[in-house]
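Participant: Input structure.txt, format and content: compact mmCIF, C-alpha atoms.
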# COMPACT_ATOMS: atom_id res chain seq x y z
CA MET A 1 68.61 71.17 -37.14
CA ALA A 2 71.81 72.97 -36.10
CA LYS A 3 73.67 74.86 -38.81
CA ASN A 4 77.23 74.03 -39.70
CA TYR A 5 78.64 77.55 -39.39
CA GLY A 6 82.10 76.42 -40.43
CA GLN A 7 80.63 75.34 -43.76
CA LEU A 8 78.26 78.33 -43.97
CA TYR A 9 81.14 80.84 -43.73
CA ASN A 10 83.64 78.62 -45.58
CA ILE A 11 86.07 78.76 -42.65
CA LEU A 12 88.20 75.97 -44.09
CA GLY A 13 88.41 77.85 -47.37
CA TRP A 14 89.98 81.02 -45.98
CA GLY A 15 90.97 80.32 -42.38
CA GLU A 16 92.74 76.96 -42.26
CA PRO A 17 94.90 76.24 -40.33
CA TYR A 18 94.53 79.37 -38.19
CA PHE A 19 90.77 79.55 -37.71
CA THR A 20 88.15 76.86 -37.31
CA VAL A 21 84.76 76.25 -35.69
CA ASN A 22 84.82 73.95 -32.67
CA SER A 23 82.23 71.35 -31.65
CA LYS A 24 80.25 74.02 -29.75
CA GLY A 25 79.90 76.14 -32.86
CA HIS A 26 82.32 78.81 -31.67
CA LEU A 27 85.04 80.37 -33.82
CA CYS A 28 88.43 79.17 -32.60
CA ALA A 29 91.80 80.78 -33.38
CA LYS A 30 94.97 78.70 -33.63
CA PRO A 31 97.81 81.27 -33.53
CA HIS A 32 100.55 78.76 -34.40
CA GLY A 33 98.62 77.07 -37.20
CA ARG A 34 99.06 73.31 -37.32
CA GLU A 35 101.74 73.58 -34.62
CA THR A 36 99.23 74.99 -32.11
CA ALA A 37 99.27 72.77 -29.04
CA GLN A 38 96.20 71.80 -27.06
CA GLY A 39 95.30 74.63 -24.71
CA GLN A 40 96.87 77.31 -26.91
CA GLU A 41 93.70 77.90 -28.90
CA ILE A 42 91.89 81.19 -28.43
CA VAL A 43 88.26 80.23 -27.91
CA HIS A 44 84.93 81.78 -26.93
CA SER A 45 85.68 81.47 -23.20
CA VAL A 46 88.71 83.76 -23.63
CA ILE A 47 86.49 86.49 -25.10
CA GLU A 48 84.00 86.04 -22.28
CA GLU A 49 86.83 86.40 -19.76
CA VAL A 50 87.97 89.63 -21.40
CA LEU A 51 84.43 91.02 -21.43
CA ALA A 52 84.09 90.24 -17.73
CA GLY A 53 87.07 92.48 -16.93
CA THR A 54 87.59 96.22 -16.99
CA THR A 55 89.86 98.60 -18.87
CA SER A 56 92.82 100.44 -17.34
CA ASP A 57 90.51 103.32 -16.43
CA ASN A 58 88.02 100.93 -14.77
CA LYS A 59 85.45 100.98 -17.56
CA LYS A 60 83.53 97.91 -18.65
CA VAL A 61 85.06 96.17 -21.68
CA GLN A 62 82.64 96.12 -24.60
CA PHE A 63 82.47 95.64 -28.34
CA PRO A 64 83.73 96.54 -30.88
CA MET A 65 86.98 94.81 -29.96
CA ILE A 66 90.18 94.41 -31.99
CA LEU A 67 91.98 91.09 -31.63
CA ARG A 68 95.53 90.87 -32.93
CA PHE A 69 97.32 87.59 -33.62
CA PRO A 70 101.07 88.37 -33.98
CA ASP A 71 101.89 84.65 -33.85
CA VAL A 72 99.85 84.11 -37.03
CA LEU A 73 101.91 86.80 -38.75
CA LYS A 74 105.16 85.16 -37.59
CA VAL A 75 104.07 81.75 -38.86
CA ARG A 76 103.09 83.25 -42.23
CA LEU A 77 106.44 85.05 -42.54
CA ASP A 78 108.32 81.87 -41.68
CA SER A 79 106.25 79.99 -44.26
CA LEU A 80 106.96 82.58 -46.97
CA HIS A 81 110.69 82.57 -46.23
CA ALA A 82 110.73 78.77 -46.40
CA ALA A 83 108.85 78.78 -49.72
CA PHE A 84 111.28 81.27 -51.29
CA LYS A 85 114.27 79.35 -49.92
CA ASP A 86 112.97 76.16 -51.52
CA ALA A 87 112.30 77.95 -54.84
CA ILE A 88 115.75 79.55 -54.82
CA ALA A 89 117.40 76.18 -54.19
CA THR A 90 115.28 74.42 -56.83
CA THR A 91 115.82 76.99 -59.59
CA GLY A 92 119.46 77.78 -58.81
CA TYR A 93 118.68 81.48 -58.38
CA ARG A 94 122.00 83.27 -57.84
CA ASN A 95 120.98 86.86 -57.09
CA ARG A 96 119.86 88.10 -53.71
CA PHE A 97 116.26 88.02 -52.50
CA GLY A 98 115.09 89.91 -49.40
CA TYR A 99 117.45 90.50 -46.55
CA ASP A 100 118.59 87.40 -44.71
CA GLU A 101 115.05 86.47 -43.63
CA SER A 102 114.51 89.88 -42.09
CA TYR A 103 111.50 91.88 -43.18
CA GLY A 104 110.88 95.26 -44.72
CA LEU A 105 108.00 97.70 -44.61
CA GLU A 106 106.19 99.76 -47.22
CA ALA A 107 104.94 103.23 -46.28
CA GLY A 108 102.35 105.07 -48.38
CA SER A 109 101.89 108.21 -46.30
CA LYS A 110 103.83 110.42 -43.87
CA PRO A 111 102.20 108.86 -40.76
CA GLU A 112 102.97 105.36 -42.06
CA LEU A 113 106.53 106.42 -42.84
CA LEU A 114 107.06 107.69 -39.29
CA VAL A 115 105.75 104.41 -37.84
CA ALA A 116 107.90 102.36 -40.24
CA MET A 117 111.02 104.37 -39.33
CA GLY A 118 110.36 103.69 -35.65
CA CYS A 119 109.91 99.95 -36.26
CA LEU A 120 112.93 99.47 -38.53
CA ALA A 121 115.21 101.53 -36.30
CA LYS A 122 114.93 98.58 -33.88
CA ALA A 123 115.00 95.86 -36.56
CA LYS A 124 117.89 93.98 -38.11
CA PRO A 125 120.04 96.45 -40.09
CA GLY A 126 119.44 96.43 -43.83
CA ALA A 127 115.70 95.66 -43.93
CA TYR A 128 114.08 97.60 -46.77
CA LEU A 129 111.84 100.62 -46.23
CA VAL A 130 109.91 101.23 -49.47
CA CYS A 131 108.36 104.70 -49.80
CA ASN A 132 105.25 104.46 -51.96
CA GLY A 133 102.11 106.54 -52.45
CA TYR A 134 101.61 110.28 -52.93
CA LYS A 135 104.80 112.26 -52.36
CA ASP A 136 105.06 115.95 -51.63
CA ALA A 137 108.20 117.79 -50.51
CA ASP A 138 107.58 116.95 -46.83
CA PHE A 139 107.27 113.23 -47.62
CA ILE A 140 110.54 113.28 -49.59
CA VAL A 141 112.35 115.17 -46.80
CA LEU A 142 111.15 112.56 -44.29
CA ALA A 143 112.31 109.72 -46.55
CA LEU A 144 115.71 111.35 -47.00
CA SER A 145 115.93 111.76 -43.21
CA ALA A 146 115.31 108.01 -42.83
CA ARG A 147 118.08 107.41 -45.34
CA ALA A 148 120.42 109.69 -43.41
CA MET A 149 119.63 107.58 -40.33
CA GLY A 150 120.99 104.54 -42.18
CA LEU A 151 117.63 102.86 -42.85
CA ASN A 152 117.39 100.80 -46.04
CA CYS A 153 114.81 103.15 -47.59
CA ILE A 154 113.64 103.15 -51.24
CA ILE A 155 111.53 105.96 -52.78
CA VAL A 156 109.15 104.64 -55.46
CA ILE A 157 108.19 106.84 -58.46
CA GLY A 158 104.46 106.14 -59.28
CA GLY A 159 101.28 107.01 -56.90
CA ALA A 160 99.08 105.27 -54.31
CA SER A 161 96.60 102.57 -55.27
CA LEU A 162 92.87 103.35 -55.03
CA GLY A 163 92.04 99.76 -54.15
CA PRO A 164 93.75 97.13 -51.96
CA LYS A 165 97.45 96.93 -52.66
CA GLY A 166 97.36 93.23 -53.40
CA ALA A 167 100.48 91.38 -54.43
CA ILE A 168 103.66 93.41 -54.66
CA ILE A 169 106.70 92.07 -56.48
CA VAL A 170 109.97 93.97 -56.41
CA LEU A 171 112.72 93.29 -58.94
CA GLU A 172 116.08 94.73 -57.96
CA MET A 173 118.80 95.69 -60.40
CA GLU A 174 121.84 93.46 -60.26
CA GLU A 175 124.50 95.30 -58.27
CA ASP A 176 126.64 95.05 -55.16
CA PHE A 177 123.89 94.58 -52.59
CA ASP A 178 126.31 94.81 -49.69
CA GLN A 179 126.61 98.47 -50.65
CA ALA A 180 122.87 98.85 -51.40
CA PRO A 181 121.54 102.28 -50.41
CA PRO A 182 119.10 102.34 -47.48
CA VAL A 183 115.76 104.18 -48.04
CA ILE A 184 114.18 103.65 -51.48
CA ILE A 185 111.70 106.21 -52.87
CA VAL A 186 109.39 104.65 -55.47
CA LEU A 187 108.41 107.14 -58.19
CA GLU A 188 104.87 106.68 -59.50
CA MET A 189 104.53 109.93 -61.50
CA GLU A 190 107.23 111.63 -63.55
CA GLU A 191 106.91 114.95 -61.70
CA GLU A 192 107.89 113.25 -58.43
CA LEU A 193 111.45 113.05 -59.73
CA ASP A 194 111.67 116.87 -59.72
CA ILE A 195 110.82 116.95 -56.00
CA VAL A 196 113.38 114.24 -55.21
CA VAL A 197 116.14 116.03 -57.14
CA GLU A 198 115.34 119.39 -55.51
CA GLN A 199 115.20 118.09 -51.93
CA SER A 200 118.25 115.87 -52.39
CA ALA A 201 120.31 118.89 -53.48
CA LYS A 202 118.91 120.99 -50.63
CA PHE A 203 119.75 118.52 -47.86
CA GLY A 204 122.81 116.87 -49.39
CA VAL A 205 121.43 113.33 -49.10
CA GLU A 206 121.73 110.95 -52.06
CA PRO A 207 118.42 109.08 -52.53
CA ALA A 208 117.77 105.56 -53.76
CA ILE A 209 114.95 105.54 -56.29
CA GLY A 210 112.57 102.89 -57.57
CA ILE A 211 110.07 103.19 -60.41
CA ARG A 212 106.56 101.76 -60.32
CA ALA A 213 105.83 100.11 -63.65
CA LYS A 214 102.37 100.12 -65.19
CA LEU A 215 102.20 96.60 -66.58
CA LEU A 216 99.84 95.51 -69.37
CA THR A 217 99.27 92.06 -67.88
CA LYS A 218 95.52 91.59 -67.42
CA ILE A 219 93.99 90.27 -64.20
CA PRO A 220 90.44 89.02 -63.58
CA GLY A 221 88.11 90.18 -60.84
CA HIS A 222 86.74 93.45 -59.55
CA PHE A 223 89.95 95.46 -59.97
CA GLY A 224 90.81 94.06 -63.39
CA SER A 225 89.17 97.01 -65.18
CA THR A 226 91.52 99.48 -63.46
CA ALA A 227 94.68 97.45 -64.04
CA GLY A 228 97.03 97.43 -67.00
CA LYS A 229 97.05 100.43 -69.33
CA ARG A 230 93.97 101.87 -67.61
CA GLY A 231 95.76 101.96 -64.26
CA LYS A 232 95.97 105.40 -62.65
CA PHE A 233 99.45 105.06 -61.22
CA GLY A 234 102.81 103.88 -62.45
CA LEU A 235 104.74 104.53 -65.65
CA LEU A 236 104.55 102.75 -68.98
CA GLU A 237 107.74 101.35 -70.47
CA ASP A 238 108.63 104.42 -72.57
CA LYS A 239 108.20 106.74 -69.58
CA ILE A 240 110.44 104.50 -67.46
CA TYR A 241 113.15 104.75 -70.09
CA GLY A 242 112.64 108.53 -70.09
CA VAL A 243 113.24 108.77 -66.33
CA ALA A 244 116.31 106.54 -66.63
CA GLU A 245 117.67 108.68 -69.48
CA ARG A 246 117.14 111.85 -67.48
CA LEU A 247 119.02 110.36 -64.52
CA ARG A 248 121.80 109.29 -66.89
CA GLU A 249 122.11 112.85 -68.22
CA MET A 250 122.36 114.12 -64.62
CA GLY A 251 125.05 111.55 -63.85
CA LYS A 252 122.71 110.02 -61.26
CA LEU A 253 121.72 106.73 -62.87
CA ASP A 254 123.13 104.96 -59.80
CA TRP A 255 120.15 106.37 -57.85
CA LEU A 256 117.88 103.94 -59.73
CA THR A 257 117.86 100.66 -57.79
CA MET A 258 114.37 99.13 -58.02
CA LEU A 259 111.58 98.18 -60.42
CA HIS A 260 108.31 98.01 -58.49
CA PHE A 261 104.85 96.90 -59.59
CA HIS A 262 101.49 95.78 -58.21
CA ILE A 263 99.83 92.86 -59.97
CA GLY A 264 96.43 93.23 -58.29
CA SER A 265 94.29 92.09 -55.40
CA MET A 266 92.76 88.92 -56.86
CA ILE A 267 95.28 86.52 -58.42
CA PRO A 268 93.67 83.12 -59.06
CA THR A 269 96.59 81.42 -60.81
CA THR A 270 100.39 81.51 -60.71
CA GLU A 271 100.35 81.93 -64.51
CA ILE A 272 99.38 85.59 -64.01
CA VAL A 273 102.40 86.06 -61.73
CA ARG A 274 104.62 84.36 -64.32
CA GLU A 275 103.29 86.61 -67.08
CA ALA A 276 103.70 89.80 -65.03
CA VAL A 277 107.24 88.95 -63.95
CA GLY A 278 108.14 88.12 -67.56
CA GLU A 279 106.79 91.48 -68.73
CA ALA A 280 108.63 93.37 -65.96
CA ALA A 281 111.88 91.53 -66.69
CA GLY A 282 111.69 92.74 -70.30
CA ILE A 283 111.63 96.42 -69.34
Rewrite the structure of this file - the entire thing - as structure tokens.

Facilitator:
Amino acid sequence: MAKNYGQLYNILGWGEPYFTVNSKGHLCAKPHGRETAQGQEIVHSVIEEVLAGTTSDNKKVQFPMILRFPDVLKVRLDSLHAAFKDAIATTGYRNRFGYDESYGLEAGSKPELLVAMGCLAKAKPGAYLVCNGYKDADFIVLALSARAMGLNCIIVIGGASLGPKGAIIVLEMEEDFDQAPPVIIVLEMEEELDIVVEQSAKFGVEPAIGIRAKLLTKIPGHFGSTAGKRGKFGLLEDKIYGVAERLREMGKLDWLTMLHFHIGSMIPTTEIVREAVGEAAGI
């Protein structure tokens, strides 16, 4: 008796409407989701055709092979923008979210930051570049260079996650967003502020800073034990106030433009998102 591989691997559970198993038992990709027209599917015969060819240096194509589906990414982005538009209209939200349906990038290392700078230099002006992860002086200099280029870059005070980044929610302070500073550096550890202040003075570039909050909201799943107060990165509420007070004493409180936090990698209910956002809003 033939196995139902679609059921065996729960394709409908994680892949619909982009991946399915056809009547021949082959995995089938639908890059446009439910809008994929007949003949646009990427099926087993396409892989066979690729394997029958040769590479640019006349070598036989073989596995492992990386398949990229940029159309799936576009459909997902369009779907997310539509969902937020509907929510904004329904709730009467009056502040600004995102950047006119453009997209931003988050960089957690110097190589990622270089790639992100290259991508956003060609993107719609104003898209956010969030600088996360471990930050040494070279990282900060690179982020400030992106800011000097006019990129919408934010430096986050806090540290890189040991596990998958999961859901990221960014709350922005209410201000004149038409004048919002470009690159944002997200601080994840208090000592990162010293590096930002030093390099900013050295190069004469005013940074935009975010702070990664260490929320107490509990999440289930594998990474739940490392979330909340036990989390390695981010600042608790009193430390966040301490950073803000230090910036105020320096006359640089306007540098602080973002509150950044990671909820986790496994979020089974929207109630967890509601709880986390409520906690962050109270900081």

Participant: How many Å lie between CA of Thr91 (chain A) and CA of Ser79 (chain A), rounded to one decimal?

Facilitator: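 Atom-to-atom, CA of Thr91 (chain A) to CA of Ser79 (chain A), that is 18.3 Å.
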
Participant: Of the candidates A:Thr20, A:Val72, A:Ile219, A:Lys124, which one gets nearest to Thr270 (chain A) if we count all atoms listed in the file?

Facilitator: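 Looking only at the distances to Thr270 (chain A), the closest residue turns out to be A:Ile219.
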
Participant: What is the CA of Met65 (chain A)-CA of Ile11 (chain A) distance in Å, reported with one decimal?

Facilitator: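 Interatomic distance, CA of Met65 (chain A) to CA of Ile11 (chain A): 20.5 Å.
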
Participant: Would you mind reading off the distance between CA of Trp14 (chain A) and CA of Ala37 (chain A), one decimal, in Å?

Facilitator: 21.0 Å

Participant: Smallest atom-to-atom distance to Gly210 (chain A): which of A:Met149, A:Cys131, A:Arg248, A:Leu144, using all atoms listed in the file?

Facilitator: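 Once distances to Gly210 (chain A) are computed over all atoms listed in the file, the minimum belongs to A:Cys131.
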
Participant: Pick the closest to Ala280 (chain A) from A:Asn132, A:Thr257, A:Thr90, A:Thr217: which is it, counting all atoms listed in the file?

Facilitator: A:Thr217
